[in-house]
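As provided, query_12.txt (compact mmCIF, C-alpha atoms) reads as follows.
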```
# COMPACT_ATOMS: atom_id res chain seq x y z
CA MET P 1 56.25 49.62 106.68
CA THR P 2 52.55 48.98 107.43
CA ALA P 3 50.06 51.63 108.51
CA THR P 4 49.98 50.07 111.97
CA SER P 5 53.73 50.17 112.46
CA SER P 6 53.84 53.74 111.11
CA VAL P 7 51.39 54.97 113.74
CA ALA P 8 52.89 52.84 116.50
CA SER P 9 56.22 54.57 115.90
CA LEU P 10 54.69 57.75 117.31
CA PHE P 11 54.72 56.34 120.79
CA PRO P 12 57.60 55.49 123.12
CA SER P 13 58.86 51.91 123.06
CA ARG P 14 57.85 51.14 126.62
CA ARG P 15 55.60 48.41 127.91
CA PRO P 16 52.41 48.53 125.82
CA ALA P 17 49.68 50.63 127.50
CA ALA P 18 52.21 52.02 129.99
CA ALA P 19 50.59 55.46 129.64
CA TYR P 20 47.25 53.89 130.54
CA ASP P 21 48.82 52.29 133.62
CA ASP P 22 50.11 55.72 134.57
CA LEU P 23 46.65 57.22 134.08
CA LEU P 24 45.04 54.61 136.32
CA ALA P 25 47.58 55.15 139.07
CA ARG P 26 47.06 58.90 138.94
CA VAL P 27 43.32 59.34 138.48
CA LEU P 28 41.41 56.40 139.95
CA PRO P 29 40.78 58.25 143.24
CA GLN P 30 39.41 61.22 141.24
CA ALA P 31 37.30 58.88 139.11
CA ALA P 32 35.71 57.36 142.19
CA GLU P 33 34.69 60.84 143.39
CA HIS P 34 33.14 61.87 140.04
CA ARG P 35 29.69 63.30 140.80
CA THR P 36 26.84 61.34 139.21
CA TRP P 37 24.22 63.08 137.06
CA THR P 38 21.00 64.26 138.69
CA PRO P 39 17.86 65.61 136.95
CA SER P 40 18.79 69.14 138.03
CA ASP P 41 21.79 68.92 135.69
CA GLY P 42 19.52 68.83 132.64
CA PRO P 43 20.14 66.65 129.58
CA LEU P 44 23.63 65.31 129.00
CA PRO P 45 25.29 66.25 125.70
CA SER P 46 25.68 63.78 122.87
CA LEU P 47 29.31 63.00 122.01
CA PHE P 48 31.38 62.01 119.00
CA VAL P 49 34.78 60.47 119.81
CA SER P 50 37.64 59.79 117.42
CA HIS P 51 38.51 56.57 119.20
CA GLY P 52 41.90 55.43 117.90
CA ALA P 53 43.51 51.99 117.78
CA PRO P 54 44.66 50.06 120.88
CA PHE P 55 48.03 51.80 120.93
CA THR P 56 46.32 55.12 121.67
CA LEU P 57 46.51 53.78 125.22
CA ASP P 58 50.20 54.72 124.90
CA ASP P 59 49.40 58.38 124.18
CA PRO P 60 49.33 60.35 127.46
CA GLN P 61 47.86 63.46 125.83
CA TRP P 62 44.96 61.56 124.29
CA LEU P 63 44.25 59.75 127.56
CA GLY P 64 44.40 62.96 129.56
CA ASP P 65 42.19 64.84 127.12
CA LEU P 66 39.49 62.16 127.26
CA PHE P 67 39.62 61.88 131.05
CA ASP P 68 39.39 65.66 131.51
CA TRP P 69 36.52 65.83 129.01
CA ALA P 70 34.54 63.23 130.94
CA ARG P 71 35.25 65.07 134.20
CA SER P 72 33.81 68.28 132.73
CA MET P 73 30.38 66.62 132.75
CA PRO P 74 28.52 64.78 135.51
CA ARG P 75 29.18 61.06 135.48
CA PRO P 76 26.38 59.52 133.41
CA ARG P 77 24.02 56.94 134.85
CA ALA P 78 24.87 54.79 131.84
CA VAL P 79 26.36 55.00 128.34
CA VAL P 80 24.97 53.93 124.96
CA VAL P 81 27.71 53.70 122.36
CA VAL P 82 27.60 53.10 118.61
CA SER P 83 31.00 52.16 117.21
CA ALA P 84 32.38 52.14 113.68
CA HIS P 85 33.22 48.47 114.18
CA TRP P 86 29.79 46.86 114.44
CA GLU P 87 27.28 46.93 111.60
CA ARG P 88 24.23 44.70 111.85
CA ALA P 89 20.63 45.15 110.78
CA PRO P 90 18.20 45.45 112.37
CA VAL P 91 19.81 47.31 115.27
CA ALA P 92 21.24 44.84 117.79
CA ILE P 93 22.36 45.16 121.41
CA SER P 94 25.59 43.90 122.93
CA GLY P 95 25.72 41.77 126.05
CA ALA P 96 24.45 43.70 129.07
CA ALA P 97 25.42 41.41 131.97
CA ALA P 98 28.02 42.67 134.40
CA GLY P 99 31.55 41.88 133.29
CA THR P 100 30.64 40.67 129.79
CA PRO P 101 34.09 39.93 128.24
CA LEU P 102 35.38 42.52 125.81
CA PHE P 103 35.40 41.82 122.09
CA TYR P 104 39.05 42.23 121.09
CA ASP P 105 38.31 42.90 117.43
CA PHE P 106 41.89 43.54 116.33
CA SER P 107 45.08 41.70 115.53
CA GLY P 108 48.71 42.52 114.85
CA PHE P 109 49.19 44.37 118.13
CA HIS P 110 51.14 43.42 121.26
CA PRO P 111 49.32 40.63 123.16
CA ARG P 112 48.98 42.81 126.25
CA TYR P 113 46.26 44.88 124.58
CA LYS P 114 44.07 41.76 124.67
CA THR P 115 44.56 41.32 128.42
CA LEU P 116 43.46 44.76 129.55
CA PRO P 117 40.13 44.41 131.39
CA TYR P 118 37.20 46.78 131.38
CA ALA P 119 34.49 45.03 133.37
CA THR P 120 31.51 47.39 133.45
CA PRO P 121 28.48 46.96 135.76
CA ASP P 122 25.20 45.29 134.92
CA ALA P 123 23.35 47.18 132.16
CA THR P 124 20.22 45.05 131.80
CA ASP P 125 17.95 47.96 132.78
CA LEU P 126 19.49 50.06 130.02
CA ALA P 127 19.12 47.21 127.51
CA ARG P 128 15.44 46.94 128.45
CA ARG P 129 15.00 50.69 128.00
CA LEU P 130 16.66 50.53 124.59
CA ARG P 131 14.40 47.74 123.42
CA GLY P 132 11.46 49.96 124.29
CA LEU P 133 12.89 52.91 122.37
CA LEU P 134 13.89 51.00 119.27
CA GLY P 135 10.43 50.08 118.12
CA ARG P 136 7.91 47.30 117.92
CA THR P 137 10.13 44.80 116.13
CA PRO P 138 12.20 42.47 118.32
CA VAL P 139 15.74 43.71 119.01
CA HIS P 140 18.22 40.88 119.24
CA GLU P 141 20.69 40.93 122.12
CA PHE P 142 24.04 39.28 121.44
CA ALA P 143 24.61 38.22 125.04
CA ASP P 144 28.18 37.02 124.43
CA ARG P 145 29.29 40.04 122.42
CA GLY P 146 31.13 42.50 124.62
CA LEU P 147 32.22 46.02 123.76
CA ASP P 148 34.55 46.29 120.76
CA HIS P 149 37.63 48.51 120.73
CA GLY P 150 35.72 51.46 119.25
CA ALA P 151 33.71 51.43 122.49
CA PHE P 152 36.03 50.24 125.23
CA ILE P 153 39.24 52.05 124.23
CA PRO P 154 37.84 55.60 124.69
CA LEU P 155 35.72 54.58 127.68
CA MET P 156 38.76 53.17 129.45
CA ALA P 157 40.19 56.70 129.37
CA MET P 158 36.95 58.55 130.09
CA TYR P 159 35.68 56.34 132.90
CA PRO P 160 38.74 54.35 134.03
CA ALA P 161 37.02 53.04 137.16
CA ALA P 162 34.69 51.00 134.87
CA ASP P 163 31.82 52.01 137.14
CA VAL P 164 29.30 53.11 134.49
CA PRO P 165 26.95 50.59 132.82
CA VAL P 166 27.50 50.44 129.05
CA VAL P 167 25.52 48.96 126.17
CA GLN P 168 26.71 48.99 122.58
CA LEU P 169 24.29 49.23 119.68
CA SER P 170 25.09 48.10 116.16
CA MET P 171 24.94 50.46 113.20
CA PRO P 172 21.83 49.44 111.24
CA SER P 173 23.69 50.27 108.02
CA LEU P 174 26.39 52.63 106.76
CA ASP P 175 23.77 55.01 105.40
CA PRO P 176 24.24 58.39 107.15
CA GLY P 177 20.48 58.93 107.23
CA ALA P 178 19.99 55.68 109.17
CA LEU P 179 22.44 56.84 111.83
CA LEU P 180 20.80 60.27 112.02
CA GLU P 181 17.44 58.58 112.59
CA LEU P 182 18.86 56.22 115.19
CA GLY P 183 20.34 59.17 117.07
CA ALA P 184 16.96 60.91 117.09
CA ARG P 185 15.35 57.82 118.61
CA LEU P 186 17.97 57.80 121.36
CA ARG P 187 17.59 61.52 122.15
CA PRO P 188 15.22 61.03 125.13
CA LEU P 189 17.94 59.08 126.96
CA ARG P 190 19.96 62.27 127.45
CA GLU P 191 17.20 63.62 129.71
CA GLU P 192 17.59 60.50 131.86
CA GLY P 193 21.30 61.00 132.49
CA ILE P 194 22.36 58.47 129.83
CA LEU P 195 25.27 59.46 127.60
CA VAL P 196 24.83 58.87 123.86
CA LEU P 197 28.21 58.34 122.23
CA GLY P 198 29.13 57.92 118.57
CA SER P 199 32.62 56.48 118.14
CA GLY P 200 34.43 56.79 114.83
CA PHE P 201 37.16 59.09 113.48
CA MET P 202 36.81 62.54 111.97
CA THR P 203 39.12 61.46 109.14
CA HIS P 204 40.20 57.86 108.64
CA SER P 205 42.81 57.66 105.89
CA PHE P 206 45.58 55.06 105.86
CA ALA P 207 46.80 56.39 102.52
CA VAL P 208 47.97 59.60 104.15
CA PHE P 209 50.51 57.63 106.22
CA HIS P 210 52.42 56.83 103.04
CA ARG P 211 51.58 59.97 101.05
CA PRO P 212 51.86 62.98 103.36
CA GLU P 213 50.71 65.31 100.59
CA LEU P 214 47.22 63.85 101.08
CA ALA P 215 47.05 65.61 104.44
CA ALA P 216 45.70 68.64 102.57
CA ALA P 217 42.63 66.57 101.68
CA THR P 218 41.99 65.38 105.25
CA ALA P 219 42.47 68.91 106.58
CA ALA P 220 39.99 70.27 104.01
CA PHE P 221 37.46 67.60 104.98
CA ASP P 222 37.87 68.39 108.69
CA GLU P 223 37.41 72.13 108.03
CA TRP P 224 34.30 71.45 105.95
CA ALA P 225 32.79 69.23 108.67
CA VAL P 226 33.40 71.88 111.33
CA ASP P 227 31.66 74.48 109.17
CA ALA P 228 28.70 72.18 108.44
CA LEU P 229 28.35 71.41 112.14
CA ALA P 230 28.49 75.10 113.07
CA ARG P 231 25.60 75.70 110.64
CA GLY P 232 23.70 72.71 111.98
CA ASP P 233 23.53 71.44 108.41
CA ALA P 234 22.60 67.80 108.92
CA ASP P 235 21.64 67.52 105.24
CA ALA P 236 25.17 68.43 104.13
CA LEU P 237 26.70 66.01 106.62
CA THR P 238 24.42 63.26 105.39
CA ASP P 239 25.44 64.02 101.79
CA TYR P 240 29.14 64.31 102.66
CA ARG P 241 30.25 62.07 99.78
CA ASP P 242 29.12 64.64 97.24
CA LYS P 243 29.55 67.85 99.22
CA ALA P 244 32.73 67.51 101.29
CA PRO P 245 36.15 68.25 99.80
CA GLY P 246 38.59 65.38 100.17
CA ALA P 247 35.88 62.88 101.13
CA ALA P 248 37.34 60.03 99.06
CA VAL P 249 40.69 60.40 100.85
CA ALA P 250 39.37 61.20 104.31
CA HIS P 251 36.82 58.36 104.32
CA PRO P 252 37.40 55.69 101.67
CA THR P 253 34.74 53.75 103.60
CA ALA P 254 31.83 55.26 105.55
CA ASP P 255 32.13 53.31 108.79
CA HIS P 256 34.20 55.83 110.78
CA PHE P 257 32.24 58.90 109.67
CA VAL P 258 28.60 57.88 110.05
CA PRO P 259 28.74 57.61 113.89
CA LEU P 260 28.99 61.42 113.79
CA LEU P 261 25.46 61.44 112.35
CA LEU P 262 24.26 59.47 115.37
CA THR P 263 25.66 62.23 117.60
CA VAL P 264 24.00 64.94 115.52
CA GLY P 265 20.68 63.10 115.52
CA ALA P 266 20.74 62.72 119.30
CA ALA P 267 21.32 66.45 119.84
CA ASP P 268 18.57 69.02 120.40
CA ASP P 269 20.61 71.65 118.54
CA PRO P 270 22.61 70.31 115.56
CA GLY P 271 24.51 73.63 115.44
CA SER P 272 25.81 73.38 119.01
CA ALA P 273 28.97 71.35 118.31
CA VAL P 274 32.00 72.19 120.46
CA SER P 275 35.36 70.53 119.84
CA ALA P 276 36.68 68.85 122.98
CA ILE P 277 39.74 67.46 121.16
CA ASP P 278 41.24 69.01 118.04
CA ARG P 279 44.52 67.45 116.91
CA MET P 280 45.97 66.18 113.66
CA VAL P 281 47.94 62.94 114.09
CA MET P 282 49.89 61.68 111.08
CA GLY P 283 47.64 63.57 108.72
CA ASN P 284 44.30 62.54 110.27
CA SER P 285 41.95 64.62 112.37
CA THR P 286 41.24 63.28 115.84
CA ARG P 287 38.52 65.87 116.39
CA SER P 288 36.02 64.87 119.08
CA LEU P 289 32.85 66.82 119.75
CA GLN P 290 29.94 67.39 122.06
CA LEU P 291 26.51 68.69 121.11
CA THR P 292 23.58 69.79 123.24
```
Starting from the file, give its structure as structure tokens.
Amino acid sequence: MTATSSVASLFPSRRPAAAYDDLLARVLPQAAEHRTWTPSDGPLPSLFVSHGAPFTLDDPQWLGDLFDWARSMPRPRAVVVVSAHWERAPVAISGAAAGTPLFYDFSGFHPRYKTLPYATPDATDLARRLRGLLGRTPVHEFADRGLDHGAFIPLMAMYPAADVPVVQLSMPSLDPGALLELGARLRPLREEGILVLGSGFMTHSFAVFHRPELAAATAAFDEWAVDALARGDADALTDYRDKAPGAAVAHPTADHFVPLLLTVGAADDPGSAVSAIDRMVMGNSTRSLQLT
């Protein structure tokens, strides 16, 4: 049995994304009434989301948790997202035109997952603002590259009306320090009602699917990360390979952890992390956080 089929077995064998259809039917009127950020609200938090694979759209609890989390904050004027699934240096920008087609960067799933639309509004003003923030060197915009699943899957649950402009940035590298620095450069956006979102996974182990005893390692890593965040210890988080227990199991590659450093870098207070979602699913932590 593959890792994909193991996780997919968690969800009912209904039409793929049936839970997402149910969410849309239930909450679209609420989504349309979501109050938009104003300067009197103060800076938006920075967020880290454990985003999940396409079949998380079959998990009603995950969908509901993300929707309720988004509703607990004013609707942002726009969203900047850095996903575990796009690494390119120097930092690049996704297509910003209205309705840029999604980048379905996955295979082996039911074909319906590649038909689900998420046509966000024009984000060219945000792209222009980002180019100004990101320095004197030219920032390439990949006009035909839409949001990848690390970006659009959680946003489909958080803002199901697809009424918030979104731009995705690439990770400049997998070096945690580079993501921390990028987050710091994006920090001013929070004061403008723009949500800064790092999308990865608090632990990202496929080995634990086949060896449940490894769940002790992912749990230890998650506990260590929570403690480091509570202390605002960005240095420890940056040096997680050497300092975190279970790091080799929890993150055999860095791509799903380093977006957390973006979130920390974008925060005013690195010790302000609050867990919005805290669940273990098949031995992995789906912890998602907000920082102020």
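Using all atoms listed in the file, the shortest contact distance between P:Ala254 and any of P:Asp125, P:Asp22, P:Asp239, P:Asp233 is found at P:Asp239.
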(message) Is it possible to get the residues within 10 Å of (38.6, 43.8, 125.4) (coordinates as in the file, counting only C-alpha atoms) written as number ranges by chain?
(response) P: 54, 100-106, 113-119, 146-149, 151-153
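The shortest atom-to-atom distance to P:Ala127, with all atoms listed in the file taken into account, belongs to P:Ser94 out of P:Thr253, P:Ser94, P:Ser72, P:Ser170.
Remark: for P:Thr218, the closest of the candidate residues P:Arg187, P:Arg136, P:Arg88, P:His251 is P:His251 (distances computed over all atoms listed in the file).
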Incomplete stretch 208-229 of chain P brought to N, CA and C atoms, written out as a PDB file, in the coordinates of the input:
```pdb
ATOM      1  N   VAL P 208      47.198  58.420 103.782  1.00  0.00           N
ATOM      2  CA  VAL P 208      47.970  59.600 104.150  1.00  0.00           C
ATOM      3  C   VAL P 208      49.241  59.249 104.909  1.00  0.00           C
ATOM      4  N   PHE P 209      49.286  58.039 105.515  1.00  0.00           N
ATOM      5  CA  PHE P 209      50.510  57.630 106.220  1.00  0.00           C
ATOM      6  C   PHE P 209      51.678  57.520 105.243  1.00  0.00           C
ATOM      7  N   HIS P 210      51.374  57.075 104.035  1.00  0.00           N
ATOM      8  CA  HIS P 210      52.420  56.830 103.040  1.00  0.00           C
ATOM      9  C   HIS P 210      52.570  57.991 102.055  1.00  0.00           C
ATOM     10  N   ARG P 211      51.547  58.826 101.972  1.00  0.00           N
ATOM     11  CA  ARG P 211      51.580  59.970 101.050  1.00  0.00           C
ATOM     12  C   ARG P 211      51.207  61.224 101.826  1.00  0.00           C
ATOM     13  N   PRO P 212      52.166  61.833 102.504  1.00  0.00           N
ATOM     14  CA  PRO P 212      51.860  62.980 103.360  1.00  0.00           C
ATOM     15  C   PRO P 212      51.172  64.133 102.641  1.00  0.00           C
ATOM     16  N   GLU P 213      51.353  64.218 101.327  1.00  0.00           N
ATOM     17  CA  GLU P 213      50.710  65.310 100.590  1.00  0.00           C
ATOM     18  C   GLU P 213      49.184  65.208 100.644  1.00  0.00           C
ATOM     19  N   LEU P 214      48.669  64.018 100.972  1.00  0.00           N
ATOM     20  CA  LEU P 214      47.220  63.850 101.080  1.00  0.00           C
ATOM     21  C   LEU P 214      46.647  64.497 102.334  1.00  0.00           C
ATOM     22  N   ALA P 215      47.525  64.951 103.228  1.00  0.00           N
ATOM     23  CA  ALA P 215      47.050  65.610 104.440  1.00  0.00           C
ATOM     24  C   ALA P 215      46.246  66.867 104.120  1.00  0.00           C
ATOM     25  N   ALA P 216      46.505  67.475 102.968  1.00  0.00           N
ATOM     26  CA  ALA P 216      45.700  68.640 102.570  1.00  0.00           C
ATOM     27  C   ALA P 216      44.241  68.249 102.391  1.00  0.00           C
ATOM     28  N   ALA P 217      44.006  67.039 101.892  1.00  0.00           N
ATOM     29  CA  ALA P 217      42.630  66.570 101.680  1.00  0.00           C
ATOM     30  C   ALA P 217      41.938  66.296 103.013  1.00  0.00           C
ATOM     31  N   THR P 218      42.623  65.653 103.951  1.00  0.00           N
ATOM     32  CA  THR P 218      41.990  65.380 105.250  1.00  0.00           C
ATOM     33  C   THR P 218      41.747  66.667 106.021  1.00  0.00           C
ATOM     34  N   ALA P 219      42.669  67.623 105.914  1.00  0.00           N
ATOM     35  CA  ALA P 219      42.470  68.910 106.580  1.00  0.00           C
ATOM     36  C   ALA P 219      41.277  69.656 105.995  1.00  0.00           C
ATOM     37  N   ALA P 220      41.126  69.603 104.666  1.00  0.00           N
ATOM     38  CA  ALA P 220      39.990  70.270 104.010  1.00  0.00           C
ATOM     39  C   ALA P 220      38.675  69.625 104.439  1.00  0.00           C
ATOM     40  N   PHE P 221      38.667  68.290 104.539  1.00  0.00           N
ATOM     41  CA  PHE P 221      37.460  67.600 104.980  1.00  0.00           C
ATOM     42  C   PHE P 221      37.108  68.008 106.407  1.00  0.00           C
ATOM     43  N   ASP P 222      38.094  68.015 107.289  1.00  0.00           N
ATOM     44  CA  ASP P 222      37.870  68.390 108.690  1.00  0.00           C
ATOM     45  C   ASP P 222      37.308  69.811 108.771  1.00  0.00           C
ATOM     46  N   GLU P 223      37.884  70.741 108.018  1.00  0.00           N
ATOM     47  CA  GLU P 223      37.410  72.130 108.030  1.00  0.00           C
ATOM     48  C   GLU P 223      35.971  72.216 107.530  1.00  0.00           C
ATOM     49  N   TRP P 224      35.671  71.456 106.469  1.00  0.00           N
ATOM     50  CA  TRP P 224      34.300  71.450 105.950  1.00  0.00           C
ATOM     51  C   TRP P 224      33.313  70.906 106.985  1.00  0.00           C
ATOM     52  N   ALA P 225      33.689  69.825 107.669  1.00  0.00           N
ATOM     53  CA  ALA P 225      32.790  69.230 108.670  1.00  0.00           C
ATOM     54  C   ALA P 225      32.537  70.201 109.820  1.00  0.00           C
ATOM     55  N   VAL P 226      33.573  70.905 110.259  1.00  0.00           N
ATOM     56  CA  VAL P 226      33.400  71.880 111.330  1.00  0.00           C
ATOM     57  C   VAL P 226      32.429  72.975 110.910  1.00  0.00           C
ATOM     58  N   ASP P 227      32.551  73.439 109.671  1.00  0.00           N
ATOM     59  CA  ASP P 227      31.660  74.480 109.170  1.00  0.00           C
ATOM     60  C   ASP P 227      30.223  73.968 109.070  1.00  0.00           C
ATOM     61  N   ALA P 228      30.044  72.749 108.545  1.00  0.00           N
ATOM     62  CA  ALA P 228      28.700  72.180 108.440  1.00  0.00           C
ATOM     63  C   ALA P 228      28.061  72.003 109.812  1.00  0.00           C
ATOM     64  N   LEU P 229      28.860  71.571 110.781  1.00  0.00           N
ATOM     65  CA  LEU P 229      28.350  71.410 112.140  1.00  0.00           C
ATOM     66  C   LEU P 229      27.966  72.759 112.738  1.00  0.00           C
TER      67      LEU P 229
END
```
